[in-house]
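Novice: Below is the file target16.csv, with CSV, N, CA, C and O atoms.
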chain,number,residue,atom,x,y,z
L,251,MET,N,22.4,-13.7,2.8
L,251,MET,CA,21.3,-14.0,2.0
L,251,MET,C,20.8,-12.7,1.3
L,251,MET,O,20.6,-11.7,1.9
L,252,SER,N,20.7,-12.7,0.0
L,252,SER,CA,20.3,-11.6,-0.8
L,252,SER,C,18.8,-11.5,-0.9
L,252,SER,O,18.2,-12.5,-1.0
L,253,LYS,N,18.3,-10.3,-1.0
L,253,LYS,CA,16.9,-10.1,-1.1
L,253,LYS,C,16.6,-9.1,-2.2
L,253,LYS,O,17.2,-8.0,-2.2
L,254,GLU,N,15.7,-9.4,-3.1
L,254,GLU,CA,15.4,-8.4,-4.2
L,254,GLU,C,14.3,-7.5,-3.7
L,254,GLU,O,13.4,-7.9,-3.1
L,255,ILE,N,14.6,-6.2,-4.0
L,255,ILE,CA,13.6,-5.1,-3.6
L,255,ILE,C,13.3,-4.3,-4.9
L,255,ILE,O,14.2,-4.0,-5.7
L,256,GLU,N,12.0,-4.0,-5.0
L,256,GLU,CA,11.6,-3.1,-6.1
L,256,GLU,C,11.8,-1.6,-5.6
L,256,GLU,O,11.2,-1.3,-4.5
L,257,ILE,N,12.5,-0.8,-6.3
L,257,ILE,CA,12.7,0.6,-5.9
L,257,ILE,C,11.5,1.3,-6.7
L,257,ILE,O,11.4,1.3,-7.9
L,258,ARG,N,10.7,2.1,-5.9
L,258,ARG,CA,9.5,2.7,-6.5
L,258,ARG,C,9.6,4.2,-6.3
L,258,ARG,O,10.2,4.7,-5.4
L,259,ALA,N,8.9,4.9,-7.2
L,259,ALA,CA,8.9,6.4,-7.1
L,259,ALA,C,7.9,6.8,-6.0
L,259,ALA,O,6.8,6.2,-5.9
L,260,GLU,N,8.4,7.7,-5.1
L,260,GLU,CA,7.5,8.1,-4.0
L,260,GLU,C,6.5,9.1,-4.4
L,260,GLU,O,5.5,9.3,-3.8
L,261,ILE,N,6.8,9.8,-5.6
L,261,ILE,CA,5.9,10.8,-6.1
L,261,ILE,C,5.8,10.7,-7.6
L,261,ILE,O,6.6,10.0,-8.2
L,262,ALA,N,4.8,11.4,-8.2
L,262,ALA,CA,4.7,11.5,-9.6
L,262,ALA,C,5.7,12.6,-10.1
L,262,ALA,O,5.8,13.6,-9.4
L,263,GLY,N,6.4,12.3,-11.2
L,263,GLY,CA,7.3,13.3,-11.7
L,263,GLY,C,8.2,12.8,-12.8
L,263,GLY,O,8.0,11.7,-13.2
L,264,ALA,N,9.2,13.5,-13.1
L,264,ALA,CA,10.2,13.1,-14.2
L,264,ALA,C,11.4,12.5,-13.5
L,264,ALA,O,11.9,13.1,-12.5
L,265,LEU,N,11.9,11.5,-14.1
L,265,LEU,CA,13.2,10.9,-13.7
L,265,LEU,C,14.3,11.7,-14.4
L,265,LEU,O,14.4,11.6,-15.6
L,266,VAL,N,14.9,12.6,-13.7
L,266,VAL,CA,15.9,13.5,-14.4
L,266,VAL,C,17.3,13.0,-14.5
L,266,VAL,O,18.1,13.4,-15.4
L,267,LYS,N,17.7,12.1,-13.6
L,267,LYS,CA,19.1,11.6,-13.6
L,267,LYS,C,19.2,10.3,-12.9
L,267,LYS,O,18.7,10.1,-11.8
L,268,ILE,N,19.9,9.4,-13.6
L,268,ILE,CA,20.2,8.1,-13.0
L,268,ILE,C,21.7,8.3,-12.5
L,268,ILE,O,22.6,8.6,-13.2
L,269,ILE,N,21.9,8.0,-11.2
L,269,ILE,CA,23.2,8.2,-10.6
L,269,ILE,C,23.9,6.8,-10.4
L,269,ILE,O,25.1,6.7,-10.7
L,270,ALA,N,23.3,5.8,-9.9
L,270,ALA,CA,23.9,4.6,-9.6
L,270,ALA,C,24.3,3.8,-10.9
L,270,ALA,O,23.7,3.9,-11.9
L,271,THR,N,25.4,3.1,-10.8
L,271,THR,CA,25.9,2.3,-11.9
L,271,THR,C,25.4,0.9,-11.5
L,271,THR,O,25.5,0.4,-10.4
L,272,LEU,N,25.0,0.1,-12.6
L,272,LEU,CA,24.5,-1.2,-12.3
L,272,LEU,C,25.5,-2.1,-11.7
L,272,LEU,O,26.7,-2.0,-12.0
L,273,ASN,N,25.1,-2.8,-10.7
L,273,ASN,CA,25.9,-3.8,-9.9
L,273,ASN,C,27.0,-3.2,-9.1
L,273,ASN,O,27.8,-3.9,-8.5
L,274,ALA,N,27.1,-1.9,-9.0
L,274,ALA,CA,28.1,-1.2,-8.1
L,274,ALA,C,27.6,-1.3,-6.7
L,274,ALA,O,26.4,-1.1,-6.4
L,275,PRO,N,28.5,-1.5,-5.7
L,275,PRO,CA,28.1,-1.6,-4.3
L,275,PRO,C,27.6,-0.2,-3.8
L,275,PRO,O,28.2,0.8,-4.1
L,276,LEU,N,26.5,-0.2,-3.1
L,276,LEU,CA,25.9,1.0,-2.5
L,276,LEU,C,25.7,0.7,-1.0
L,276,LEU,O,25.5,-0.4,-0.6
L,277,LYS,N,25.7,1.8,-0.3
L,277,LYS,CA,25.4,1.8,1.1
L,277,LYS,C,23.9,2.3,1.3
L,277,LYS,O,23.4,3.0,0.4
L,278,ALA,N,23.3,2.0,2.4
L,278,ALA,CA,22.0,2.5,2.7
L,278,ALA,C,22.0,4.0,2.6
L,278,ALA,O,22.9,4.7,3.2
L,279,GLY,N,21.0,4.6,1.9
L,279,GLY,CA,21.0,6.1,1.8
L,279,GLY,C,21.7,6.7,0.6
L,279,GLY,O,21.5,7.9,0.4
L,280,ASP,N,22.5,5.9,-0.1
L,280,ASP,CA,23.2,6.4,-1.3
L,280,ASP,C,22.1,6.7,-2.3
L,280,ASP,O,21.1,6.0,-2.5
L,281,ASN,N,22.4,7.8,-3.1
L,281,ASN,CA,21.4,8.2,-4.1
L,281,ASN,C,21.6,7.3,-5.3
L,281,ASN,O,22.7,7.0,-5.8
L,282,ILE,N,20.4,6.8,-5.8
L,282,ILE,CA,20.3,5.9,-7.0
L,282,ILE,C,20.0,6.8,-8.2
L,282,ILE,O,20.5,6.6,-9.3
L,283,ALA,N,19.0,7.7,-8.0
L,283,ALA,CA,18.5,8.5,-9.1
L,283,ALA,C,17.9,9.8,-8.5
L,283,ALA,O,17.7,9.9,-7.3
L,284,VAL,N,17.5,10.7,-9.4
L,284,VAL,CA,16.9,11.9,-8.9
L,284,VAL,C,15.6,12.2,-9.8
L,284,VAL,O,15.6,12.0,-11.0
L,285,MET,N,14.5,12.5,-9.1
L,285,MET,CA,13.3,12.8,-9.7
L,285,MET,C,13.0,14.3,-9.5
L,285,MET,O,13.6,14.9,-8.6
L,286,GLU,N,12.2,14.9,-10.4
L,286,GLU,CA,11.8,16.2,-10.3
L,286,GLU,C,10.3,16.3,-10.3
L,286,GLU,O,9.6,15.7,-11.2
L,287,SER,N,9.7,17.0,-9.4
L,287,SER,CA,8.3,17.2,-9.3
L,287,SER,C,8.0,18.6,-8.7
L,287,SER,O,8.6,19.0,-7.7
L,288,MET,N,7.2,19.4,-9.4
L,288,MET,CA,6.9,20.7,-9.0
L,288,MET,C,8.1,21.6,-8.8
L,288,MET,O,8.3,22.3,-7.8
L,289,LYS,N,9.1,21.4,-9.6
L,289,LYS,CA,10.4,22.2,-9.6
L,289,LYS,C,11.3,21.8,-8.4
L,289,LYS,O,12.2,22.6,-8.1
L,290,MET,N,11.0,20.7,-7.7
L,290,MET,CA,11.8,20.3,-6.6
L,290,MET,C,12.5,19.0,-7.0
L,290,MET,O,11.9,18.1,-7.7
L,291,GLU,N,13.8,18.8,-6.7
L,291,GLU,CA,14.5,17.6,-6.9
L,291,GLU,C,14.4,16.7,-5.7
L,291,GLU,O,14.6,17.1,-4.6
L,292,ILE,N,14.0,15.4,-6.0
L,292,ILE,CA,13.8,14.4,-4.9
L,292,ILE,C,14.7,13.2,-5.2
L,292,ILE,O,14.5,12.6,-6.2
L,293,PRO,N,15.6,12.9,-4.3
L,293,PRO,CA,16.5,11.8,-4.6
L,293,PRO,C,15.8,10.5,-4.3
L,293,PRO,O,14.9,10.4,-3.4
L,294,ILE,N,16.1,9.5,-5.1
L,294,ILE,CA,15.7,8.1,-4.8
L,294,ILE,C,16.9,7.4,-4.2
L,294,ILE,O,18.0,7.5,-4.8
L,295,GLN,N,16.8,6.9,-3.0
L,295,GLN,CA,17.9,6.4,-2.3
L,295,GLN,C,17.9,4.8,-2.1
L,295,GLN,O,16.8,4.2,-2.0
L,296,ALA,N,19.1,4.3,-1.9
L,296,ALA,CA,19.2,2.8,-1.6
L,296,ALA,C,18.5,2.6,-0.3
L,296,ALA,O,18.9,3.2,0.7
L,297,PRO,N,17.7,1.5,-0.2
L,297,PRO,CA,17.0,1.2,1.1
L,297,PRO,C,18.0,0.5,2.1
L,297,PRO,O,17.7,0.5,3.3
L,298,SER,N,19.0,-0.1,1.6
L,298,SER,CA,20.0,-0.8,2.4
L,298,SER,C,21.3,-1.0,1.6
L,298,SER,O,21.4,-0.5,0.5
L,299,ALA,N,22.2,-1.6,2.2
L,299,ALA,CA,23.4,-2.0,1.4
L,299,ALA,C,23.1,-2.9,0.3
L,299,ALA,O,22.2,-3.8,0.5
L,300,GLY,N,23.7,-2.8,-0.9
L,300,GLY,CA,23.4,-3.7,-2.0
L,300,GLY,C,23.7,-3.1,-3.3
L,300,GLY,O,24.6,-2.2,-3.3
L,301,SER,N,23.0,-3.4,-4.4
L,301,SER,CA,23.3,-2.8,-5.7
L,301,SER,C,22.1,-2.9,-6.5
L,301,SER,O,21.2,-3.7,-6.4
L,302,VAL,N,22.0,-1.9,-7.5
L,302,VAL,CA,21.0,-1.9,-8.5
L,302,VAL,C,21.3,-2.9,-9.6
L,302,VAL,O,22.4,-2.8,-10.1
L,303,VAL,N,20.4,-3.8,-9.9
L,303,VAL,CA,20.7,-4.8,-10.9
L,303,VAL,C,20.0,-4.5,-12.2
L,303,VAL,O,20.4,-5.0,-13.3
L,304,GLU,N,19.0,-3.6,-12.2
L,304,GLU,CA,18.3,-3.3,-13.4
L,304,GLU,C,17.5,-2.0,-13.2
L,304,GLU,O,16.8,-1.8,-12.2
L,305,PHE,N,17.6,-1.0,-14.2
L,305,PHE,CA,16.7,0.1,-14.2
L,305,PHE,C,15.6,-0.2,-15.2
L,305,PHE,O,15.9,-0.7,-16.3
L,306,LEU,N,14.4,0.1,-14.8
L,306,LEU,CA,13.2,-0.2,-15.6
L,306,LEU,C,12.7,1.0,-16.4
L,306,LEU,O,11.8,0.9,-17.2
L,307,VAL,N,13.3,2.2,-16.1
L,307,VAL,CA,12.9,3.4,-16.8
L,307,VAL,C,14.2,4.1,-17.3
L,307,VAL,O,15.3,3.8,-16.7
L,308,GLU,N,14.1,5.1,-18.2
L,308,GLU,CA,15.2,5.8,-18.7
L,308,GLU,C,15.1,7.3,-18.2
L,308,GLU,O,14.0,7.7,-17.8
L,309,GLU,N,16.2,8.0,-18.2
L,309,GLU,CA,16.2,9.4,-17.8
L,309,GLU,C,15.2,10.1,-18.7
L,309,GLU,O,15.1,9.8,-19.9
L,310,GLY,N,14.5,11.0,-18.2
L,310,GLY,CA,13.5,11.8,-18.9
L,310,GLY,C,12.1,11.2,-18.8
L,310,GLY,O,11.1,11.9,-19.2
L,311,ALA,N,12.0,10.0,-18.3
L,311,ALA,CA,10.7,9.3,-18.3
L,311,ALA,C,9.8,10.0,-17.2
L,311,ALA,O,10.2,10.5,-16.2
L,312,MET,N,8.5,10.2,-17.6
L,312,MET,CA,7.5,10.7,-16.6
L,312,MET,C,6.9,9.5,-15.9
L,312,MET,O,6.5,8.5,-16.5
L,313,LEU,N,6.9,9.5,-14.6
L,313,LEU,CA,6.5,8.4,-13.7
L,313,LEU,C,5.3,8.8,-12.9
L,313,LEU,O,5.2,9.9,-12.4
L,314,ASP,N,4.5,7.8,-12.7
L,314,ASP,CA,3.4,7.9,-11.7
L,314,ASP,C,3.9,7.6,-10.3
L,314,ASP,O,4.9,6.9,-10.2
L,315,GLU,N,3.2,8.0,-9.3
L,315,GLU,CA,3.6,7.7,-8.0
L,315,GLU,C,3.5,6.1,-7.9
L,315,GLU,O,2.6,5.5,-8.4
L,316,ASP,N,4.5,5.5,-7.2
L,316,ASP,CA,4.6,4.1,-7.0
L,316,ASP,C,5.0,3.3,-8.2
L,316,ASP,O,5.0,2.1,-8.1
L,317,ALA,N,5.5,4.0,-9.3
L,317,ALA,CA,6.0,3.3,-10.4
L,317,ALA,C,7.3,2.6,-10.1
L,317,ALA,O,8.1,3.2,-9.3
L,318,ILE,N,7.6,1.4,-10.6
L,318,ILE,CA,8.8,0.7,-10.3
L,318,ILE,C,9.9,1.4,-11.2
L,318,ILE,O,9.8,1.5,-12.4
L,319,VAL,N,11.0,1.8,-10.5
L,319,VAL,CA,12.1,2.5,-11.1
L,319,VAL,C,13.2,1.5,-11.4
L,319,VAL,O,13.9,1.5,-12.5
L,320,ALA,N,13.5,0.6,-10.4
L,320,ALA,CA,14.7,-0.2,-10.5
L,320,ALA,C,14.5,-1.5,-9.7
L,320,ALA,O,13.7,-1.5,-8.8
L,321,ARG,N,15.3,-2.5,-10.0
L,321,ARG,CA,15.4,-3.7,-9.1
L,321,ARG,C,16.7,-3.6,-8.4
L,321,ARG,O,17.7,-3.3,-9.0
L,322,PHE,N,16.6,-3.9,-7.1
L,322,PHE,CA,17.8,-3.7,-6.2
L,322,PHE,C,18.0,-5.0,-5.4
L,322,PHE,O,17.0,-5.7,-5.0
L,323,ILE,N,19.2,-5.4,-5.3
L,323,ILE,CA,19.5,-6.6,-4.5
L,323,ILE,C,20.2,-6.2,-3.2
L,323,ILE,O,21.3,-5.6,-3.3
L,324,ALA,N,19.6,-6.4,-2.1
L,324,ALA,CA,20.2,-6.1,-0.8
L,324,ALA,C,21.2,-7.2,-0.4
L,324,ALA,O,21.0,-8.3,-0.7
L,325,SER,N,22.3,-6.7,0.2
L,325,SER,CA,23.3,-7.7,0.5
L,325,SER,C,23.5,-7.8,2.0
L,325,SER,O,22.9,-7.1,2.8
Translate this structure into structure tokens?
Specialist:
Amino acid sequence: MSKEIEIRAEIAGALVKIIATLNAPLKAGDNIAVMESMKMEIPIQAPSAGSVVEFLVEEGAMLDEDAIVARFIAS
């Protein structure tokens, strides 16, 4: 049974790189994207096995803490 999960930014900062390809299989802990805050890079990781089905922001976007970055389907 698949479950949709909203992937959210843990901190405020810039989304500097999208790593995951839409609908590509991911394992728990795989990097989906990278944010930058206070000159530190913070990875956004897959919460479980599954895939990203939609990114709601583009590279370079400034995000608030808890902003929705992507929709993820757990498998």
Novice: Neighbouring residues of segment 299-312 of chain L were defined as those with any atom within 7 Å, considering only C-alpha atoms; residues of the same chain fewer than 5 positions away were excluded. Please report them as a PyMOL selection string.
Specialist: chain L and resi 263-268+272-278+318-325
Novice: Work out how far apart atom O of Glu291 of chain L and atom N of Ile255 of chain L are and give it in Å to one decimal.
Specialist: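 Atom-to-atom, atom O of Glu291 of chain L to atom N of Ile255 of chain L, that is 23.3 Å.
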Novice: Would you return as a PyMOL selection string the members of chain L that DSSP assigns to strand (DSSP E) on this structure's backbone?
Specialist: chain L and resi 253-258+263-268+281-287+290-295+300-305+312-313+318-324
Novice: With only C-alpha atoms as the counted atoms, please give the residues lying no more than 10 Å from Asp280 of chain L, apart from itself and same-chain residues fewer than 4 positions off, as a PyMOL selection string.
Specialist: chain L and resi 269-270+275-276+293-299
Novice: Which one of L:Ala262, L:Leu313, L:Thr271, L:Glu254 sits closest to Met288 of chain L if you count only N, CA, C and O atoms?
Specialist: L:Ala262
Novice: Quick one, how far is atom CA of Glu256 of chain L from atom CA of Ser287 of chain L?
Specialist: 20.8 Å
Novice: Could you please determine the separation between atom CA of Ser252 of chain L and atom O of Glu315 of chain L in Å, to one decimal place?
Specialist: 25.8 Å
Novice: In the coordinate frame of the file, compute which residues have an atom within 6 Å of (11.7, 8.7, -7.0) when using only N, CA, C and O atoms, and state them as an NGL selection string.
Specialist: :L and (258-261 or 284-285 or 292-294)
Novice: Got a minute to add all heavy atoms to segment 259-270 of chain L and dump it as a PDB file, in the coordinates of the input?
Specialist:
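Output file selection_24.pdb is given in full below:
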ATOM      1  N   ALA L 259       8.900   4.900  -7.200  1.00  0.00           N
ATOM      2  CA  ALA L 259       8.900   6.400  -7.100  1.00  0.00           C
ATOM      3  C   ALA L 259       7.900   6.800  -6.000  1.00  0.00           C
ATOM      4  O   ALA L 259       6.800   6.200  -5.900  1.00  0.00           O
ATOM      5  CB  ALA L 259       8.334   6.959  -8.454  1.00  0.00           C
ATOM      6  N   GLU L 260       8.400   7.700  -5.100  1.00  0.00           N
ATOM      7  CA  GLU L 260       7.500   8.100  -4.000  1.00  0.00           C
ATOM      8  C   GLU L 260       6.500   9.100  -4.400  1.00  0.00           C
ATOM      9  O   GLU L 260       5.500   9.300  -3.800  1.00  0.00           O
ATOM     10  CB  GLU L 260       8.404   8.676  -2.914  1.00  0.00           C
ATOM     11  CG  GLU L 260       9.312   7.646  -2.271  1.00  0.00           C
ATOM     12  CD  GLU L 260      10.153   8.242  -1.151  1.00  0.00           C
ATOM     13  OE1 GLU L 260       9.876   9.375  -0.714  1.00  0.00           O
ATOM     14  OE2 GLU L 260      11.085   7.559  -0.726  1.00  0.00           O
ATOM     15  N   ILE L 261       6.800   9.800  -5.600  1.00  0.00           N
ATOM     16  CA  ILE L 261       5.900  10.800  -6.100  1.00  0.00           C
ATOM     17  C   ILE L 261       5.800  10.700  -7.600  1.00  0.00           C
ATOM     18  O   ILE L 261       6.600  10.000  -8.200  1.00  0.00           O
ATOM     19  CB  ILE L 261       6.399  12.232  -5.731  1.00  0.00           C
ATOM     20  CG1 ILE L 261       7.837  12.350  -6.257  1.00  0.00           C
ATOM     21  CG2 ILE L 261       6.348  12.519  -4.251  1.00  0.00           C
ATOM     22  CD1 ILE L 261       8.241  13.746  -6.535  1.00  0.00           C
ATOM     23  N   ALA L 262       4.800  11.400  -8.200  1.00  0.00           N
ATOM     24  CA  ALA L 262       4.700  11.500  -9.600  1.00  0.00           C
ATOM     25  C   ALA L 262       5.700  12.600 -10.100  1.00  0.00           C
ATOM     26  O   ALA L 262       5.800  13.600  -9.400  1.00  0.00           O
ATOM     27  CB  ALA L 262       3.293  11.787 -10.057  1.00  0.00           C
ATOM     28  N   GLY L 263       6.400  12.300 -11.200  1.00  0.00           N
ATOM     29  CA  GLY L 263       7.300  13.300 -11.700  1.00  0.00           C
ATOM     30  C   GLY L 263       8.200  12.800 -12.800  1.00  0.00           C
ATOM     31  O   GLY L 263       8.000  11.700 -13.200  1.00  0.00           O
ATOM     32  N   ALA L 264       9.200  13.500 -13.100  1.00  0.00           N
ATOM     33  CA  ALA L 264      10.200  13.100 -14.200  1.00  0.00           C
ATOM     34  C   ALA L 264      11.400  12.500 -13.500  1.00  0.00           C
ATOM     35  O   ALA L 264      11.900  13.100 -12.500  1.00  0.00           O
ATOM     36  CB  ALA L 264      10.521  14.315 -15.017  1.00  0.00           C
ATOM     37  N   LEU L 265      11.900  11.500 -14.100  1.00  0.00           N
ATOM     38  CA  LEU L 265      13.200  10.900 -13.700  1.00  0.00           C
ATOM     39  C   LEU L 265      14.300  11.700 -14.400  1.00  0.00           C
ATOM     40  O   LEU L 265      14.400  11.600 -15.600  1.00  0.00           O
ATOM     41  CB  LEU L 265      13.306   9.435 -13.990  1.00  0.00           C
ATOM     42  CG  LEU L 265      14.591   8.791 -13.499  1.00  0.00           C
ATOM     43  CD1 LEU L 265      14.552   8.656 -11.983  1.00  0.00           C
ATOM     44  CD2 LEU L 265      14.792   7.440 -14.134  1.00  0.00           C
ATOM     45  N   VAL L 266      14.900  12.600 -13.700  1.00  0.00           N
ATOM     46  CA  VAL L 266      15.900  13.500 -14.400  1.00  0.00           C
ATOM     47  C   VAL L 266      17.300  13.000 -14.500  1.00  0.00           C
ATOM     48  O   VAL L 266      18.100  13.400 -15.400  1.00  0.00           O
ATOM     49  CB  VAL L 266      15.846  14.944 -13.802  1.00  0.00           C
ATOM     50  CG1 VAL L 266      14.506  15.608 -14.044  1.00  0.00           C
ATOM     51  CG2 VAL L 266      16.186  14.937 -12.333  1.00  0.00           C
ATOM     52  N   LYS L 267      17.700  12.100 -13.600  1.00  0.00           N
ATOM     53  CA  LYS L 267      19.100  11.600 -13.600  1.00  0.00           C
ATOM     54  C   LYS L 267      19.200  10.300 -12.900  1.00  0.00           C
ATOM     55  O   LYS L 267      18.700  10.100 -11.800  1.00  0.00           O
ATOM     56  CB  LYS L 267      19.996  12.641 -12.904  1.00  0.00           C
ATOM     57  CG  LYS L 267      21.459  12.269 -13.027  1.00  0.00           C
ATOM     58  CD  LYS L 267      22.350  13.374 -12.535  1.00  0.00           C
ATOM     59  CE  LYS L 267      23.788  12.982 -12.815  1.00  0.00           C
ATOM     60  NZ  LYS L 267      24.718  13.998 -12.448  1.00  0.00           N
ATOM     61  N   ILE L 268      19.900   9.400 -13.600  1.00  0.00           N
ATOM     62  CA  ILE L 268      20.200   8.100 -13.000  1.00  0.00           C
ATOM     63  C   ILE L 268      21.700   8.300 -12.500  1.00  0.00           C
ATOM     64  O   ILE L 268      22.600   8.600 -13.200  1.00  0.00           O
ATOM     65  CB  ILE L 268      20.133   6.945 -14.003  1.00  0.00           C
ATOM     66  CG1 ILE L 268      18.656   6.724 -14.351  1.00  0.00           C
ATOM     67  CG2 ILE L 268      20.775   5.675 -13.460  1.00  0.00           C
ATOM     68  CD1 ILE L 268      18.418   5.705 -15.439  1.00  0.00           C
ATOM     69  N   ILE L 269      21.900   8.000 -11.200  1.00  0.00           N
ATOM     70  CA  ILE L 269      23.200   8.200 -10.600  1.00  0.00           C
ATOM     71  C   ILE L 269      23.900   6.800 -10.400  1.00  0.00           C
ATOM     72  O   ILE L 269      25.100   6.700 -10.700  1.00  0.00           O
ATOM     73  CB  ILE L 269      23.037   8.855  -9.219  1.00  0.00           C
ATOM     74  CG1 ILE L 269      22.420  10.240  -9.415  1.00  0.00           C
ATOM     75  CG2 ILE L 269      24.371   8.938  -8.487  1.00  0.00           C
ATOM     76  CD1 ILE L 269      21.982  10.909  -8.147  1.00  0.00           C
ATOM     77  N   ALA L 270      23.300   5.800  -9.900  1.00  0.00           N
ATOM     78  CA  ALA L 270      23.900   4.600  -9.600  1.00  0.00           C
ATOM     79  C   ALA L 270      24.300   3.800 -10.900  1.00  0.00           C
ATOM     80  O   ALA L 270      23.700   3.900 -11.900  1.00  0.00           O
ATOM     81  CB  ALA L 270      22.984   3.681  -8.807  1.00  0.00           C
TER      82      ALA L 270
END
